[in-house]
Amino acid sequence: MTQKIEQKLYQNRYNVDEGRPHIRLKDPENVSDGLKKLLTMCPAGCWNLGDDGKLNSSLDGCFECGTCRIVAAAFGDEIEWEYPRGGFGVLYKFG
Amino acid sequence: MPETFDAIVVGAGPAGNSAALTLAREGLNVLQLERGEYPGSKNVQGAILYANALEQLIPDFRDEAPLERHIVEQRVWMLTEKSHVGTHYRSDDFNEERPNRYTIIRAQFDKWFSSQVKDAGALVICETTVTGLIRDSRGKVVGVTTDREGGEIFADVVVLADGVNALVSQKAGLRGELKPDQVALAVKETHYLPRDVIDQRFNIKGDEGVVIEAAGTITAGMLGTAFLYTNGESISVGVGCIVSDFAGSDISPYDLLERFKEHPSVRPLLADAELKEYAAHLIPEGGYKAVPQVAGDGWLVAGDAGQFVNSLHREGSNMAMTTGHLAALTIAELKREGRPMTAANLSTYRKRLEDSYVLKDLKKYRDLPTVLHKNKQFVTAYPELLSQAADTWFRVDGVDKRTKERSILRNFRRGRGLIGLVGDAYKMARAFR
């Protein structure tokens with residue numbers, strides 16, 4: 001299924017702000033199990049589990065939708081969430 | 001900088017554009033800030049445009065706006081895994097001189113709308129993210145901070161039309177975080193299909209269009225709906241469910257959309273279509289009870305940021321336009337009378353909203369989000385029961401009709417129980433009251 005989401009995202013346009021992630025786990029070492037729901041919930045598949053079992057994000061395909069922030073806030077405010085800098089991020093041709 | 005404006009509008013979606021357009025026409029010195037590269041580059045919608053709200057602002061919009069198709073047929077489907085029970089309403093009366101509903105492509109439409117705002121005299125600056133509000137010593141909002149260098153900008157009043165996430169007002173402590181059960185996550189794809197193929201497949205011609213809204217077991221027990229809309233040379237297809245339901249489910253939003261696309265009633269409509277874009281966005285669906293404070297000292301909120309969405313009737317962008325317009329009229333009136341933009345003076349905005357269809361409609365359905373959320377049978381048991389009933393009724397198999405009637409009734413009683421059926425009818429009647 002991972003392959004599928006990558007194929008979907010391949011059609012999209014982005015202006016990635018390299019090296020400036022706009023979403024950050026506040027404490028990557030201590031992530032609640034609840035937050036692992038993001039592995040399936042994120043519509044862009046931005047979250048994955050590393051070999052060490054830790055939750056990682058890779059935001060290149062992010063839609064800036066806010067789902068992860070809302071879920072994190074409900075579980076205990078584990079995510080720092082900003083919009084990308086002006087002009088960066090997803091660029092919808094259709095929207 | 002620092003420079004001072006009469007008003008700053010945050011966001012260039014339908015709410016922000018309506019506000020900025022109205023303020024500029026009223027002669028105010030307006031600055032509109034948009035974080036995207038161009039207006040529309042961050043915005044997602046199905047999308048259906050309801051003409052009325054836009055007509056109030058731009059009566060001759062049909063001459064210039066990028067419109068896809070006017071809607072002549074509305075299909076509402078209740079889906080099970082293999083079937084759909086539906087109603088279609090199609091009328092040649094919808095082929096009127098000033099059609100009531102259109103499909104649009106938001107990235108193009110928002111760009112056009114923004115050009116109208118610029119023509120009216122507003123200063124529109126893109127690629128600028130508003131990061132916070134500036135307040136004076138008494139706590140009145142007097143401007144915004146941005147991610148531009150030296151990015152403080154001052155104004156008498158700020159219209160917050162920054163969309164569903166409403167980060168600006170949240171960070172400023174003017175409201176709380178969105179709750180997972182008050183917001184839906186929707187995913188959408190745009191697929192290219194030649195115009196004549198769409199015309200044939202949907203039995204339409206010229207600029208006629210068809211929209212399909214679907215609910216049922218397709219959302220895997222979650223509260224939500226799916227849709228399929230015809231554009232000129234593309235199909236918009238999507239599905240959305242309440243975030244807290246996604247959190248309690250193991251299915252991803254994109255897998256859910258794949259399931260809808262693979263449904264036997266949907267798949268032939270999308271055959272040979274070519275994916276052009278995949279998008280996701282949140283929709284505020286908490287209704288009346290989720291509407292935050294709408295105005296305060298030096299600020300007003302419009303559009304999705306104010307949770308102005310009627311999820312049952314699929315209305316949001318029209319409410320965004322109307323609320324943006326009403327926010328601007330509130331400001332313009334104070335400006336004309338030389339009165340300050342205080343919380344007390346801006347509170348007439350709430351009154352204007354209550355007098356309009358926006359809060360009247362949201363109030364009418366104020367209990368619906370809770371009722372639907374607590375009664376998943378409306379998207380699980382009932383679609384199956386309806387499908388079974390239709391199958392029993394239409395299949396000619398030597399069984400007499402009275403026996404078929406009894407079998408259908410027995411199924412409903414078994415499925416929900418007599419008390420359950422009466423209770424469900426009562427709950428729905430109350431929620432729609």
# chains A, B, ... in the order shown; residues from 1 in each chain; ligands from 1
$ residues_around --residues "segment 25-35 of chain A" --least-positions-apart "2" --cutoff "10 Å" --atoms "only C-alpha atoms" --output "PyMOL selection string"
(chain A and resi 23+37-39+41+54-57+68+71-81) or (chain B and resi 247)
$ interface_residues --of "chain B" --to "chain A" --cutoff "8 Å" --atoms "only C-alpha atoms" --output "ChimeraX atom specification"
/B:34-37,40-45,105-108,126-129,147,165,177-180,185,187,190,243,246-247,250-254,275-282
$ write_last_selection --atoms "N, CA and C atoms" --output "compact mmCIF listing (two decimals), in the first residue's frame"
# COMPACT_ATOMS: atom_id res chain seq x y z
N GLU B 34 -1.79 35.92 1.94
CA GLU B 34 -2.05 34.52 1.59
C GLU B 34 -0.72 33.77 1.67
N ARG B 35 -0.74 32.60 2.32
CA ARG B 35 0.52 31.87 2.50
C ARG B 35 0.93 31.08 1.26
N GLY B 36 -0.02 30.77 0.39
CA GLY B 36 0.29 29.99 -0.82
C GLY B 36 1.00 30.81 -1.87
N GLU B 37 1.55 30.10 -2.87
CA GLU B 37 2.24 30.80 -3.96
C GLU B 37 1.27 31.66 -4.75
N GLY B 40 -5.49 29.88 -3.84
CA GLY B 40 -6.03 28.60 -4.29
C GLY B 40 -5.01 27.49 -4.20
N SER B 41 -3.73 27.83 -4.09
CA SER B 41 -2.71 26.78 -4.12
C SER B 41 -2.74 25.90 -2.87
N LYS B 42 -3.42 26.35 -1.82
CA LYS B 42 -3.52 25.53 -0.60
C LYS B 42 -4.95 25.03 -0.36
N ASN B 43 -5.84 25.33 -1.28
CA ASN B 43 -7.26 25.12 -0.98
C ASN B 43 -7.83 23.90 -1.69
N VAL B 44 -8.68 23.18 -0.98
CA VAL B 44 -9.28 21.97 -1.52
C VAL B 44 -10.78 22.01 -1.28
N GLN B 45 -11.53 21.64 -2.29
CA GLN B 45 -12.98 21.53 -2.13
C GLN B 45 -13.45 20.51 -3.15
N ILE B 105 -13.14 24.10 -10.18
CA ILE B 105 -11.81 23.65 -9.74
C ILE B 105 -11.22 24.80 -8.95
N ARG B 106 -11.04 24.55 -7.66
CA ARG B 106 -10.75 25.66 -6.74
C ARG B 106 -9.46 26.42 -7.07
N ALA B 107 -8.41 25.70 -7.48
CA ALA B 107 -7.16 26.41 -7.74
C ALA B 107 -7.37 27.48 -8.82
N GLN B 108 -8.21 27.15 -9.81
CA GLN B 108 -8.48 28.13 -10.88
C GLN B 108 -9.48 29.18 -10.43
N CYS B 126 0.96 37.36 -1.63
CA CYS B 126 1.02 35.91 -1.45
C CYS B 126 2.36 35.50 -0.83
N GLU B 127 2.54 34.20 -0.65
CA GLU B 127 3.77 33.63 -0.09
C GLU B 127 4.15 34.25 1.24
N THR B 128 3.15 34.61 2.02
CA THR B 128 3.37 35.24 3.32
C THR B 128 2.47 34.57 4.36
N THR B 129 3.09 33.88 5.29
CA THR B 129 2.33 33.19 6.34
C THR B 129 2.19 34.10 7.55
N ASP B 147 5.90 35.81 8.48
CA ASP B 147 7.21 35.18 8.40
C ASP B 147 8.16 35.94 7.48
N ASN B 165 -7.96 25.13 10.04
CA ASN B 165 -7.02 24.97 11.14
C ASN B 165 -6.96 26.19 12.06
N GLU B 177 -8.26 24.24 20.45
CA GLU B 177 -7.91 23.35 19.35
C GLU B 177 -9.17 22.66 18.81
N LEU B 178 -9.15 22.29 17.54
CA LEU B 178 -10.25 21.53 16.95
C LEU B 178 -10.35 20.18 17.64
N LYS B 179 -11.57 19.71 17.82
CA LYS B 179 -11.75 18.41 18.46
C LYS B 179 -11.93 17.33 17.39
N PRO B 180 -11.32 16.15 17.61
CA PRO B 180 -11.35 15.10 16.58
C PRO B 180 -12.77 14.69 16.15
N LEU B 185 -11.86 14.46 7.96
CA LEU B 185 -10.71 14.43 7.05
C LEU B 185 -11.22 13.92 5.71
N VAL B 187 -10.27 13.10 1.61
CA VAL B 187 -9.26 12.95 0.57
C VAL B 187 -9.98 12.97 -0.78
N THR B 190 -8.40 14.06 -8.51
CA THR B 190 -8.89 14.62 -9.76
C THR B 190 -8.38 13.73 -10.88
N VAL B 243 -12.63 12.65 11.97
CA VAL B 243 -11.26 12.32 12.37
C VAL B 243 -11.24 11.31 13.52
N PHE B 246 -11.70 7.90 12.13
CA PHE B 246 -10.46 7.40 11.52
C PHE B 246 -9.51 6.90 12.61
N ALA B 247 -9.48 7.63 13.73
CA ALA B 247 -8.57 7.27 14.83
C ALA B 247 -8.96 5.92 15.42
N ASP B 250 -8.76 1.03 11.40
CA ASP B 250 -7.45 0.63 10.91
C ASP B 250 -7.27 0.95 9.43
N ILE B 251 -8.29 1.56 8.85
CA ILE B 251 -8.21 1.82 7.41
C ILE B 251 -7.69 3.24 7.17
N SER B 252 -6.82 3.37 6.20
CA SER B 252 -6.25 4.69 5.90
C SER B 252 -7.22 5.45 4.98
N PRO B 253 -7.13 6.77 4.98
CA PRO B 253 -8.03 7.56 4.11
C PRO B 253 -7.88 7.19 2.64
N TYR B 254 -6.63 6.94 2.19
CA TYR B 254 -6.47 6.64 0.76
C TYR B 254 -6.97 5.25 0.41
N LEU B 275 -5.19 9.71 -13.21
CA LEU B 275 -5.03 10.51 -11.99
C LEU B 275 -4.15 11.73 -12.26
N LYS B 276 -4.66 12.90 -11.88
CA LYS B 276 -3.91 14.13 -12.09
C LYS B 276 -3.45 14.76 -10.77
N GLU B 277 -4.20 14.49 -9.70
CA GLU B 277 -3.82 15.07 -8.41
C GLU B 277 -4.53 14.34 -7.29
N TYR B 278 -3.83 14.23 -6.18
CA TYR B 278 -4.38 13.64 -4.96
C TYR B 278 -4.26 14.69 -3.87
N ALA B 279 -5.35 14.96 -3.15
CA ALA B 279 -5.36 16.06 -2.19
C ALA B 279 -6.06 15.63 -0.90
N ALA B 280 -5.78 16.35 0.16
CA ALA B 280 -6.48 16.10 1.43
C ALA B 280 -6.71 17.41 2.16
N HIS B 281 -7.77 17.47 2.91
CA HIS B 281 -8.11 18.69 3.65
C HIS B 281 -9.05 18.33 4.79
N LEU B 282 -9.08 19.18 5.80
CA LEU B 282 -10.04 18.99 6.88
C LEU B 282 -11.30 19.82 6.60
$ select_by_dssp --residues "chain A" --states "helix (DSSP H, G or I)" --output "PyMOL selection string"
chain A and resi 2-10+33-41+59-61+67-75
$ write_last_selection --atoms "N, CA and C atoms" --output "compact mmCIF listing (two decimals), in the first residue's frame"
# COMPACT_ATOMS: atom_id res chain seq x y z
N THR A 2 2.05 1.13 0.61
CA THR A 2 2.97 2.28 0.64
C THR A 2 3.28 2.73 -0.80
N GLN A 3 3.50 1.72 -1.65
CA GLN A 3 3.78 2.00 -3.04
C GLN A 3 2.67 2.86 -3.65
N LYS A 4 1.44 2.47 -3.33
CA LYS A 4 0.28 3.13 -3.90
C LYS A 4 0.23 4.61 -3.52
N ILE A 5 0.47 4.90 -2.25
CA ILE A 5 0.39 6.30 -1.81
C ILE A 5 1.50 7.11 -2.48
N GLU A 6 2.67 6.48 -2.67
CA GLU A 6 3.75 7.19 -3.36
C GLU A 6 3.37 7.51 -4.80
N GLN A 7 2.69 6.56 -5.44
CA GLN A 7 2.25 6.81 -6.82
C GLN A 7 1.25 7.97 -6.87
N LYS A 8 0.36 8.01 -5.89
CA LYS A 8 -0.62 9.10 -5.84
C LYS A 8 0.09 10.44 -5.66
N LEU A 9 1.03 10.48 -4.72
CA LEU A 9 1.71 11.73 -4.41
C LEU A 9 2.58 12.21 -5.57
N TYR A 10 3.01 11.25 -6.38
CA TYR A 10 3.90 11.56 -7.50
C TYR A 10 3.26 12.58 -8.45
N ASP A 33 1.57 5.41 22.38
CA ASP A 33 1.09 4.44 21.40
C ASP A 33 -0.05 5.02 20.57
N GLY A 34 -0.85 5.86 21.23
CA GLY A 34 -1.99 6.45 20.53
C GLY A 34 -1.58 7.20 19.28
N LEU A 35 -0.44 7.87 19.38
CA LEU A 35 0.00 8.69 18.25
C LEU A 35 0.38 7.83 17.05
N LYS A 36 0.63 6.55 17.30
CA LYS A 36 0.98 5.66 16.18
C LYS A 36 -0.20 5.46 15.23
N LYS A 37 -1.38 5.93 15.62
CA LYS A 37 -2.52 5.94 14.69
C LYS A 37 -2.18 6.72 13.43
N LEU A 38 -1.24 7.64 13.55
CA LEU A 38 -0.88 8.47 12.40
C LEU A 38 -0.28 7.64 11.27
N LEU A 39 0.21 6.45 11.59
CA LEU A 39 0.75 5.58 10.55
C LEU A 39 -0.31 5.27 9.51
N THR A 40 -1.56 5.10 9.95
CA THR A 40 -2.63 4.87 8.98
C THR A 40 -3.43 6.14 8.69
N MET A 41 -3.50 7.06 9.63
CA MET A 41 -4.41 8.20 9.46
C MET A 41 -3.89 9.28 8.52
N LEU A 59 8.19 14.66 5.55
CA LEU A 59 7.09 15.58 5.26
C LEU A 59 7.00 16.04 3.80
N ASP A 60 7.80 15.44 2.93
CA ASP A 60 7.83 15.94 1.55
C ASP A 60 6.45 15.91 0.88
N GLY A 61 5.60 14.94 1.26
CA GLY A 61 4.29 14.83 0.62
C GLY A 61 3.17 15.45 1.43
N THR A 67 -4.42 17.03 10.41
CA THR A 67 -4.91 15.83 11.11
C THR A 67 -3.98 15.41 12.24
N CYS A 68 -2.68 15.38 11.98
CA CYS A 68 -1.74 14.90 13.00
C CYS A 68 -1.75 15.81 14.22
N ARG A 69 -1.90 17.12 13.98
CA ARG A 69 -1.91 18.07 15.10
C ARG A 69 -3.13 17.82 16.00
N ILE A 70 -4.28 17.61 15.36
CA ILE A 70 -5.52 17.41 16.12
C ILE A 70 -5.48 16.10 16.90
N VAL A 71 -4.97 15.05 16.25
CA VAL A 71 -4.86 13.76 16.93
C VAL A 71 -3.88 13.88 18.09
N ALA A 72 -2.74 14.52 17.85
CA ALA A 72 -1.72 14.67 18.90
C ALA A 72 -2.27 15.50 20.05
N ALA A 73 -3.01 16.55 19.74
CA ALA A 73 -3.56 17.41 20.79
C ALA A 73 -4.52 16.62 21.67
N ALA A 74 -5.27 15.71 21.04
CA ALA A 74 -6.23 14.92 21.80
C ALA A 74 -5.52 13.91 22.70
N PHE A 75 -4.33 13.45 22.26
CA PHE A 75 -3.60 12.45 23.04
C PHE A 75 -2.68 13.08 24.08
$ select_by_dssp --residues "segment 200-321 of chain B" --states "strand (DSSP E)" --output "PyMOL selection string"
chain B and resi 208-216+224-230+234-242+274-284+295-296+299-301
$ closest_residue --among "B:Leu23, B:Leu33, B:Val141, B:Leu54" --to "Pro340 of chain B" --atoms "only C-alpha atoms"
B:Val141
$ atom_distance --atom1 "atom CA of Ser169 of chain B" --atom2 "atom CA of Ser114 of chain B"
23.2 Å
$ residues_around --residues "Val371 of chain B" --least-positions-apart "4" --cutoff "7 Å" --atoms "only C-alpha atoms" --output "NGL selection string"
:B and (367 or 375 or 427 or 431)
$ closest_residue --among "B:Ala120, B:Leu334, B:Val72, B:Leu312" --to "Pro99 of chain B" --atoms "only C-alpha atoms"
B:Val72
